[in-house]
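Down below is the structure, laid out as structure tokens.
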Amino acid sequence: MKSAVGGAAVLASGGGVLSGAAAATEGPRDTSDELRLWYAAPAADWEREALPVGNGALGAMVFGTLASERLQFNEKTLWTGGPGSREGYDHGDWREPRPDALDAVRRELDEKGSLAPEAVAAALGQPRRGYGAHQTFGDLRLDMADMADAPDAPDATYRRALDLGKGFATVTYTHRKVRHEREFFAFCPDGVLVGRLTADRPASVTCTLRHTSPRTDFTAKADGDRITVRGELADNGLRFEAQIRVVQQGGTRTANANGSITVSGADHLWFALAAGTDYADTYPDYRGDDPHPDVTRTVDRAVARGHDSLRARHVRDHGDLFGRVALDIGQAPPADVPTDRLLKEYGGGASAADRALEALFFQYGRYLLIASSRAGSLPANLQGVWNNSTTPPWSADYHTNINLQMNYWLAEAANLPETTAPYDRFVEALRAPGRRTAKEMFGSRGWVVHNETNPYGFTGVHDWPTAFWFPEAAAWLTAQLYEHYRFGGSTAYLRTTAYPAMKEAAEFWLDNLRTDPRDGTLVVTPSYSPEHGDFTAGDSMAQQIVHDLFTNTLEAARVLGDSAAFRTELATALGKLDPGLRVGSWGQLQEWKADLDDKSDDHRHVSHLYALHPGRQIEPGSKWADAAKVSLTARGDGGTGWSKAWKVNFWARLRDGDHAHKMLAEQLKSSTLPNLWDTHPPFQIDGNFGATSGIVEMLLQSQFGVIEVLPALPASWPEGSVRGLRARGGARLDITWSGGRATRVVLTASRTRELTVRSSLLKGGQKTFRARAGQRYVFD
């Protein structure tokens with residue numbers, strides 16, 4: 001190891017040594033100008049074509065329609081159901097005492113080996129009451145009085161775009177020889193949605209701003225430059241409010257009796273929109289203060305700061321997150337090809353244009369996470385923060401049998417750790433109702449949540465036979481908390497945030513595992529491999545999740561010095577636990593403890609490969625990896641959008657970059673909408689996040705304590721570079737490759753500790769060294 005040069009420690013591996021100064025000036029090509037979605041026509045369909053902006057709590061979809069711009073917007077806490085719901089609400093706990101129901105199912109499973117989902121749902125399920133659904137707040141309409149004669153099909157000057165690097169949605173067009181531009185962004189620190197309308201000729205902006213909604217539970221009032229929309233949800237009395245303040249340069253402004261504001265003959269105008277509800281994530285009432293004072297302060301503060309200040313601060317705030325990672329895979333987007341056509345003509349990665357779409361899709365996942373998950377809001381739900389319905393698919397809720405977890409797979413490695421703050425807070429808020437469910441349904445310690453949940457602490461069951469029972473969900477949720485620690489290394493975070501939730505989840509399973517009469521191991525019973533097959537004892541996914549939980553919790557307990565008695569109890573249970581890994585009769589990794597797998601089964605869930613990803617039980621080259629490959633091959637390359645995204649991650653973990661890339665291509669060709677949203681169908685945002693995670697896994701892995709550079713690089717990306725990816729253990733990496741092999745790696749350490757790097761450019765393929773926090777190490 002060389003001494004520090006130019007402020008950067010330098011590590012050579014037999015070849016030439018780059019100095020710190022050189023390292024500071026070299027890196028991936030700037031691809032920021034390529035990171036735009038753009039279209040030659042307005043959006044006609046919310047799901048397929050409109051473009052999203054968001055600040056975590058607020059989200060909006062921009063249509064770019066000419067005569068009447070539509071901004072459909074959401075506030076993430078606007079939910080029906082919960083306490084106060086006219087349907088009643090009980091967090092999903094059993095409404096009637098059934099002390100023997102669970103044990104009866106367990107005994108029957110011991111006798112029969114399996115039970116139909118309908119039979120278990122009849123014994124353990126119940127109809128769901130007051131669960132609720134996320135609600136659209138409505139639309140902000142911008143009616144252009146001088147555009148009444150605008151053509152349905154805009155001319156060649158029209159462009160609707162989303163700039164991922166700056167976080168702007170823009171609409172530009174020419175009408176009557178006047179060039180118009182609209183720009184929209186959602187600024188997180190100030191909590192507002194901002195829009196601006198400009199023209200290249202003075203006094204050319206005339207617009208009426210009004211609010212519409214599919215609900216009738218609100219009033220809209222205009223006073224001066226302010227529109228106030230206020231109401232209560234009919235179902236649960238949740239109070240909500242939005243305020244829009246309008247500022248114009250030149251012209252006149254009129255507050256209309258119908259709650260709208262008209263600006264006439266202005267040089268330009270801009271507005272700030274703030275919204276909120278009286279929801280609070282406090283069990284058991286989930287109610288806080290009236291939103292009016294906070295909404296008023298928020299919008300008034302934004303207007304006082306002025307548009308230019310808000311815009312500049314938004315660019316910095318968004319850019320500080322988004323700009324951390326740059327990916328160059330030889331992309332070259334055609335200058336005159338809009339994104340919808342680029343997607344339609346995508347050929348599976350064969351051209352520079354194809355690679356442009358792949359790189360754009362990667363960064364789009366990062367953009368969407370920034371836009372839908374920021375501190376102070378709820379986490380990203382099934383649709384992030386965007387919803388145009390009062391009855392959205394699956395309530396636009398939090399499915400915890402993979403979907404919520406998948407939303408955050410990319411956060412750590414793709415260098416967006418701040419976006420996990422809402423997830424952390426959400427998990428913490430689930431613990432109180434989860435303790436009640438653990439006690440009342442299972443008679444045990446700890447906390448639990450099942451297949452899906454909402455902002456009102458729903459931790460129990462309902463009665464959909466194939467999607468109601470999944471008590472492993474809490475254990476899986478804690479895995480992301482531990483990942484945050486493994487990447488960042490903060491023992492304070494581990495002690496105060498991650499470990500309490502992990503320990504309580506482990507206590508739940510210490511109380512609920514049962515001895516399997518077949519072989520004496522500890523198993524989860526009843527268990528159900530998500531949405532597939534029959535109920536059994538000890539299905540593979542359940543065992544692998546509990547194994548992961550116990551392993552993580554034991555590691556954390558040792559780091560924090562928790563009691564020896566608890567560590568012994570946990571280690572003893574882990575030693576007796578069935579690991580959920582078995583090779584079946586045709587070489588497959590079994591989905592169930594009994595050999596029940598069917599070679600012709602192509603179900604979208606491949607849950608029994610949890611140990612491969614996101615878990616870390618299966619190492620490359622092991623017999624388990626070989627069996628996982630057999631299972632994955634048998635399931636095929638089909639499935640819904642999120643399923644294909646998971647398969648990108650699976651194949652990357654199997655070190656098969658070409659197959660991982662094939663799954664990425666399949667997702668783009670058949671499970672991606674023109675606005676690049678992933679579709680199940682319908683739209684589910686987890687597929688976007690899962691695909692970005694999978695691309696990271698192709699370029700960098702660190703789950704086994706070794707930083708592996710380019711572990712699954714596909715042949716279709718022979719030359720390239722990536723800047724800013726993170727590895728577990730506290731490292732940020734910039735990687736350059738050529739001819740399919742790494743040529744240069746720059747590692748920046750965030751912690752002082754021993755690191756091991758594995759790469760073909762290193763002598764012997766691997767190097768272990770002691771890194772110092774803040775130092776850079778160059779491998780060349």
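To be explicit about the labels: the chains of the structure tokens are called A, B, and onward in the order shown, and within each one the residues are counted from 1, while ligands get numbers from 1 in the order they are shown.
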Quiz prompt | Spatial neighbours of Ser540 (chain A), max dist 9 Å, only C-alpha atoms, sep filter under 5 positions, as JSON, numbers by chain | solution = {"A": [529, 545, 578, 579, 580, 581, 582, 589, 590, 591, 592, 593, 607, 608, 609, 610, 611]}
Based on the selection just made, write N, CA and C atoms of those residues as a compact mmCIF listing (two decimals), in the first residue's frame.
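As written to disk, selection_8.txt reads:
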```txt
# COMPACT_ATOMS: atom_id res chain seq x y z
N SER A 529 -46.19 -20.50 1.09
CA SER A 529 -45.31 -19.86 0.11
C SER A 529 -46.15 -18.87 -0.69
N ILE A 545 -36.50 -16.95 5.71
CA ILE A 545 -36.67 -15.62 6.31
C ILE A 545 -36.33 -15.65 7.80
N ASP A 578 -34.74 -25.56 10.87
CA ASP A 578 -34.65 -26.07 9.51
C ASP A 578 -34.28 -24.89 8.60
N PRO A 579 -33.17 -24.98 7.83
CA PRO A 579 -32.72 -23.82 7.06
C PRO A 579 -33.54 -23.53 5.82
N GLY A 580 -34.43 -24.45 5.43
CA GLY A 580 -35.24 -24.21 4.25
C GLY A 580 -34.51 -24.44 2.95
N LEU A 581 -33.45 -25.21 2.97
CA LEU A 581 -32.67 -25.51 1.77
C LEU A 581 -32.64 -27.02 1.55
N ARG A 582 -33.24 -27.46 0.45
CA ARG A 582 -33.25 -28.87 0.08
C ARG A 582 -33.21 -29.01 -1.43
N LEU A 589 -34.23 -26.53 -6.19
CA LEU A 589 -34.33 -26.11 -4.80
C LEU A 589 -35.80 -26.19 -4.43
N GLN A 590 -36.12 -26.99 -3.43
CA GLN A 590 -37.52 -27.24 -3.13
C GLN A 590 -38.22 -26.01 -2.57
N GLU A 591 -39.47 -25.81 -3.01
CA GLU A 591 -40.27 -24.71 -2.48
C GLU A 591 -40.91 -25.08 -1.15
N TRP A 592 -41.10 -26.38 -0.95
CA TRP A 592 -41.70 -26.87 0.29
C TRP A 592 -40.77 -27.90 0.91
N LYS A 593 -41.00 -28.22 2.16
CA LYS A 593 -40.13 -29.19 2.81
C LYS A 593 -40.29 -30.57 2.18
N SER A 607 -40.65 -17.66 -4.54
CA SER A 607 -40.39 -17.27 -3.16
C SER A 607 -39.31 -18.10 -2.48
N HIS A 608 -39.17 -19.35 -2.90
CA HIS A 608 -38.21 -20.24 -2.24
C HIS A 608 -36.76 -19.89 -2.58
N LEU A 609 -36.55 -18.87 -3.41
CA LEU A 609 -35.19 -18.41 -3.68
C LEU A 609 -34.84 -17.17 -2.85
N TYR A 610 -35.63 -16.89 -1.81
CA TYR A 610 -35.30 -15.78 -0.90
C TYR A 610 -33.86 -15.89 -0.41
N ALA A 611 -33.40 -17.09 -0.13
CA ALA A 611 -32.05 -17.29 0.39
C ALA A 611 -30.98 -16.85 -0.60
```
Exercise. Excluding Gly138 (chain A) and residues on its chain fewer than 3 positions from it, collect all residues at most 8 Å away from it, counting only C-alpha atoms, and give them as a VMD selection string.
Key: chain A and resid 72 to 74 211 to 214 388
Could you write out the selected residues, including N, CA and C atoms, as a short mmCIF file (atom, residue, chain, number, x, y, z; two decimals), in the first residue's frame?
```
data_model
loop_
_atom_site.label_atom_id
_atom_site.label_comp_id
_atom_site.auth_asym_id
_atom_site.auth_seq_id
_atom_site.Cartn_x
_atom_site.Cartn_y
_atom_site.Cartn_z
N GLN A 72 -52.80 16.00 -11.81
CA GLN A 72 -53.46 15.14 -10.82
C GLN A 72 -52.49 14.99 -9.65
N PHE A 73 -52.96 15.28 -8.41
CA PHE A 73 -52.01 15.28 -7.31
C PHE A 73 -52.51 14.46 -6.13
N ASN A 74 -51.55 14.05 -5.32
CA ASN A 74 -51.80 13.21 -4.14
C ASN A 74 -51.07 13.73 -2.92
N HIS A 211 -59.69 23.62 -8.87
CA HIS A 211 -59.53 22.28 -8.33
C HIS A 211 -60.75 21.44 -8.64
N THR A 212 -60.51 20.19 -9.05
CA THR A 212 -61.60 19.24 -9.26
C THR A 212 -61.25 17.95 -8.53
N SER A 213 -62.28 17.15 -8.25
CA SER A 213 -62.07 15.88 -7.54
C SER A 213 -63.21 14.94 -7.86
N PRO A 214 -62.95 13.63 -7.89
CA PRO A 214 -64.04 12.67 -8.06
C PRO A 214 -64.92 12.56 -6.82
N ASN A 388 -54.64 8.04 -8.98
CA ASN A 388 -55.70 8.89 -9.54
C ASN A 388 -57.10 8.40 -9.19
#
```
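The environment of Ala44 (chain A) within 10 Å, counting only C-alpha atoms and disregarding residues fewer than 5 places along the same chain, consists of Glu49, Ala50, Phe63, Gly64 and Thr65 of chain A.
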Write down as a tab-separated table (two decimals) with N, CA and C atoms, in the first residue's frame the residues belonging to region 242-378 of chain A that are assigned strand (DSSP E) by DSSP computed on the backbone.
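Okay, this is what ended up in out_35.tsv:
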```tsv
chain	number	residue	atom	x	y	z
A	242	ALA	N	-55.81	21.56	1.08
A	242	ALA	CA	-54.79	21.99	0.14
A	242	ALA	C	-54.95	23.48	-0.08
A	243	GLN	N	-53.83	24.17	-0.25
A	243	GLN	CA	-53.85	25.59	-0.58
A	243	GLN	C	-52.94	25.83	-1.77
A	244	ILE	N	-53.41	26.66	-2.68
A	244	ILE	CA	-52.63	27.07	-3.83
A	244	ILE	C	-52.54	28.58	-3.81
A	245	ARG	N	-51.33	29.10	-3.82
A	245	ARG	CA	-51.16	30.55	-3.93
A	245	ARG	C	-50.57	30.87	-5.30
A	246	VAL	N	-51.11	31.89	-5.95
A	246	VAL	CA	-50.78	32.25	-7.33
A	246	VAL	C	-50.10	33.61	-7.35
A	247	VAL	N	-48.94	33.67	-8.00
A	247	VAL	CA	-48.18	34.91	-8.11
A	247	VAL	C	-47.96	35.20	-9.58
A	248	GLN	N	-48.28	36.42	-10.02
A	248	GLN	CA	-48.08	36.74	-11.43
A	248	GLN	C	-47.26	38.01	-11.59
A	249	GLN	N	-46.61	38.11	-12.75
A	249	GLN	CA	-45.90	39.32	-13.14
A	249	GLN	C	-46.70	39.99	-14.24
A	252	THR	N	-53.66	40.96	-14.66
A	252	THR	CA	-54.60	41.07	-13.55
A	252	THR	C	-54.90	39.70	-12.97
A	253	ARG	N	-55.37	39.71	-11.72
A	253	ARG	CA	-55.73	38.46	-11.05
A	253	ARG	C	-57.11	38.63	-10.43
A	254	THR	N	-57.98	37.64	-10.60
A	254	THR	CA	-59.33	37.70	-10.07
A	254	THR	C	-59.65	36.43	-9.30
A	255	ALA	N	-60.12	36.58	-8.07
A	255	ALA	CA	-60.61	35.44	-7.29
A	255	ALA	C	-62.09	35.27	-7.60
A	261	ILE	N	-59.18	30.91	-9.55
A	261	ILE	CA	-58.48	32.18	-9.72
A	261	ILE	C	-58.12	32.33	-11.19
A	262	THR	N	-58.40	33.50	-11.76
A	262	THR	CA	-58.07	33.78	-13.15
A	262	THR	C	-56.99	34.85	-13.22
A	263	VAL	N	-55.94	34.57	-13.96
A	263	VAL	CA	-54.88	35.53	-14.25
A	263	VAL	C	-54.97	35.86	-15.73
A	264	SER	N	-55.02	37.13	-16.06
A	264	SER	CA	-55.17	37.56	-17.45
A	264	SER	C	-54.04	38.48	-17.86
A	265	GLY	N	-53.48	38.22	-19.05
A	265	GLY	CA	-52.48	39.10	-19.65
A	265	GLY	C	-51.21	39.24	-18.86
A	266	ALA	N	-50.78	38.20	-18.18
A	266	ALA	CA	-49.55	38.25	-17.40
A	266	ALA	C	-48.33	37.95	-18.27
A	268	HIS	N	-45.78	36.33	-16.87
A	268	HIS	CA	-45.62	34.95	-16.40
A	268	HIS	C	-46.35	34.81	-15.08
A	269	LEU	N	-46.61	33.57	-14.68
A	269	LEU	CA	-47.18	33.31	-13.36
A	269	LEU	C	-46.55	32.06	-12.80
A	270	TRP	N	-46.59	31.98	-11.48
A	270	TRP	CA	-46.18	30.73	-10.83
A	270	TRP	C	-47.07	30.50	-9.62
A	271	PHE	N	-47.11	29.26	-9.18
A	271	PHE	CA	-47.94	28.92	-8.02
A	271	PHE	C	-47.19	27.94	-7.13
A	272	ALA	N	-47.59	27.92	-5.88
A	272	ALA	CA	-47.11	26.92	-4.91
A	272	ALA	C	-48.33	26.23	-4.32
A	273	LEU	N	-48.29	24.93	-4.25
A	273	LEU	CA	-49.38	24.12	-3.70
A	273	LEU	C	-48.85	23.32	-2.52
A	274	ALA	N	-49.55	23.40	-1.40
A	274	ALA	CA	-49.25	22.58	-0.23
A	274	ALA	C	-50.51	21.83	0.18
A	275	ALA	N	-50.35	20.67	0.77
A	275	ALA	CA	-51.50	19.86	1.17
A	275	ALA	C	-51.15	19.05	2.40
A	276	GLY	N	-52.17	18.67	3.18
A	276	GLY	CA	-51.95	17.85	4.35
A	276	GLY	C	-53.26	17.32	4.90
A	277	THR	N	-53.16	16.44	5.88
A	277	THR	CA	-54.32	15.88	6.57
A	277	THR	C	-54.04	15.87	8.06
A	326	ALA	N	-23.65	7.79	-11.54
A	326	ALA	CA	-23.67	7.94	-13.00
A	326	ALA	C	-23.36	6.59	-13.63
A	327	LEU	N	-24.10	6.23	-14.66
A	327	LEU	CA	-23.90	4.95	-15.34
A	327	LEU	C	-23.69	5.20	-16.82
A	328	ASP	N	-22.59	4.68	-17.33
A	328	ASP	CA	-22.29	4.76	-18.76
A	328	ASP	C	-22.09	3.34	-19.29
```
Practice problem: Quick one: everything within 8 Å of region 742-746 of chain A, counting only C-alpha atoms, minus sequence neighbours fewer than 5 positions away in the same chain. Send it as a ChimeraX atom specification. | Solution: /A:23,709-710,733-737,759-761,776-780
Give one line per residue of region 35-136 of chain A that approaches region 449-457 of chain A to at most 8 Å, naming the two atoms of the closest pair and their distance in Å to one decimal, counting only C-alpha atoms; sort by chain then ascending residue number and deliver it as a tab-separated table.
```
residue	atom	partner	partner_atom	distance
A:Thr77	CA	A:Pro455	CA	7.6
A:Trp79	CA	A:Pro455	CA	7.9
A:Gly81	CA	A:Tyr456	CA	8.0
A:Gly82	CA	A:Tyr456	CA	5.4
A:Pro83	CA	A:Tyr456	CA	7.6
A:His91	CA	A:Gly457	CA	6.2
A:Tyr131	CA	A:Asn454	CA	7.2
A:Gly132	CA	A:Asn454	CA	7.9
```
Could you write out the selected residues, including N, CA and C atoms, as a PDB file, in the first residue's frame?
```pdb
ATOM      1  N   THR A  77     -50.982  10.678   2.932  1.00  0.00           N
ATOM      2  CA  THR A  77     -51.745  10.238   4.104  1.00  0.00           C
ATOM      3  C   THR A  77     -53.254  10.328   3.907  1.00  0.00           C
ATOM      4  N   TRP A  79     -56.133   8.799   3.362  1.00  0.00           N
ATOM      5  CA  TRP A  79     -56.587   7.407   3.365  1.00  0.00           C
ATOM      6  C   TRP A  79     -57.950   7.295   4.038  1.00  0.00           C
ATOM      7  N   GLY A  81     -60.723   4.495   5.845  1.00  0.00           N
ATOM      8  CA  GLY A  81     -60.523   3.375   6.748  1.00  0.00           C
ATOM      9  C   GLY A  81     -59.913   3.781   8.071  1.00  0.00           C
ATOM     10  N   GLY A  82     -59.517   2.769   8.838  1.00  0.00           N
ATOM     11  CA  GLY A  82     -58.875   3.002  10.111  1.00  0.00           C
ATOM     12  C   GLY A  82     -59.848   3.402  11.207  1.00  0.00           C
ATOM     13  N   PRO A  83     -59.336   3.875  12.340  1.00  0.00           N
ATOM     14  CA  PRO A  83     -60.202   4.307  13.433  1.00  0.00           C
ATOM     15  C   PRO A  83     -61.189   5.374  12.950  1.00  0.00           C
ATOM     16  N   HIS A  91     -57.759  -3.477  13.380  1.00  0.00           N
ATOM     17  CA  HIS A  91     -56.367  -3.818  13.094  1.00  0.00           C
ATOM     18  C   HIS A  91     -56.188  -5.225  12.535  1.00  0.00           C
ATOM     19  N   TYR A 131     -60.511  -1.291   6.240  1.00  0.00           N
ATOM     20  CA  TYR A 131     -59.097  -1.292   5.832  1.00  0.00           C
ATOM     21  C   TYR A 131     -58.752  -0.001   5.095  1.00  0.00           C
ATOM     22  N   GLY A 132     -59.680   0.475   4.266  1.00  0.00           N
ATOM     23  CA  GLY A 132     -59.499   1.749   3.591  1.00  0.00           C
ATOM     24  C   GLY A 132     -58.660   1.657   2.337  1.00  0.00           C
TER      25      GLY A 132
END
```
Exercise. Find the residues near Val385 (chain A): any atom within 9 Å, counting only C-alpha atoms, skip ones fewer than 4 places away on the same chain, and give them as a PyMOL selection string.
Key: chain A and resi 54+56-60+74-76+371-373+379-381+396
Could I get the residues of region 287-356 of chain A with an atom no further than 8 Å from an atom of region 660-678 of chain A, each paired with its nearest atom pair and that distance in Å to one decimal, using only C-alpha atoms, sorted by chain and residue number, as a tab-separated table?
```
residue	atom	partner	partner_atom	distance
A:Thr339	CA	A:Pro674	CA	7.2
A:Asp340	CA	A:Pro674	CA	4.8
A:Leu343	CA	A:Pro674	CA	6.9
A:Lys344	CA	A:Lys669	CA	7.7
A:Tyr346	CA	A:Lys669	CA	7.0
A:Gly348	CA	A:Ala665	CA	5.0
A:Gly349	CA	A:Ala665	CA	7.1
```
Same residues, N, CA and C atoms, output as a PDB file, in the first residue's frame:
```
ATOM      1  N   THR A 339     -39.355   9.009 -26.070  1.00  0.00           N
ATOM      2  CA  THR A 339     -39.170   7.844 -25.201  1.00  0.00           C
ATOM      3  C   THR A 339     -40.152   6.725 -25.515  1.00  0.00           C
ATOM      4  N   ASP A 340     -41.393   7.057 -25.835  1.00  0.00           N
ATOM      5  CA  ASP A 340     -42.346   5.995 -26.139  1.00  0.00           C
ATOM      6  C   ASP A 340     -41.931   5.213 -27.378  1.00  0.00           C
ATOM      7  N   LEU A 343     -38.930   2.983 -26.504  1.00  0.00           N
ATOM      8  CA  LEU A 343     -39.385   1.753 -25.870  1.00  0.00           C
ATOM      9  C   LEU A 343     -39.973   0.795 -26.895  1.00  0.00           C
ATOM     10  N   LYS A 344     -40.791   1.300 -27.797  1.00  0.00           N
ATOM     11  CA  LYS A 344     -41.435   0.457 -28.807  1.00  0.00           C
ATOM     12  C   LYS A 344     -40.419  -0.208 -29.713  1.00  0.00           C
ATOM     13  N   TYR A 346     -37.298  -0.888 -28.903  1.00  0.00           N
ATOM     14  CA  TYR A 346     -36.243  -1.547 -28.124  1.00  0.00           C
ATOM     15  C   TYR A 346     -36.005  -2.965 -28.624  1.00  0.00           C
ATOM     16  N   GLY A 348     -33.745  -5.288 -27.206  1.00  0.00           N
ATOM     17  CA  GLY A 348     -33.139  -6.221 -26.267  1.00  0.00           C
ATOM     18  C   GLY A 348     -31.696  -5.939 -25.950  1.00  0.00           C
ATOM     19  N   GLY A 349     -31.221  -4.732 -26.259  1.00  0.00           N
ATOM     20  CA  GLY A 349     -29.858  -4.374 -25.885  1.00  0.00           C
ATOM     21  C   GLY A 349     -28.856  -4.449 -26.999  1.00  0.00           C
TER      22      GLY A 349
END
```
Quiz prompt | alpha helix (DSSP H) call set, DSSP backbone run, region 530-726 of chain A, as number ranges by chain | solution = A: 540-560, 564-576, 623-635, 641-653, 657-670, 686-699
Quiz prompt | Non-local contacts of Gln617 (chain A) (12 Å; only C-alpha atoms; under 2 positions in same chain excluded) as an NGL selection string | solution = :A and (541 or 543-549 or 551-552 or 579-581 or 608-615 or 619-620 or 622-625 or 628 or 653 or 703-704)
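Each of A:Thr572, A:Gln363, A:Thr748, A:Thr466 was checked against Glu34 (chain A) using only C-alpha atoms; the smallest atom-to-atom distance is that of A:Gln363.
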Quiz prompt | Pairwise distance for CA of Ala119 (chain A) and CA of Phe535 (chain A), rounded to one decimal in Å | solution = 9.3 Å
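Candidate residues A:Thr170, A:Gln588, A:Gln775, A:Thr390 were compared for distance to Leu197 (chain A), and the nearest is A:Thr170, using only C-alpha atoms.
Distances here use only C-alpha atoms; by that measure, the residue among A:Tyr499, A:Phe218, A:Ala234, A:Phe185 closest to Asp562 (chain A) is A:Tyr499.
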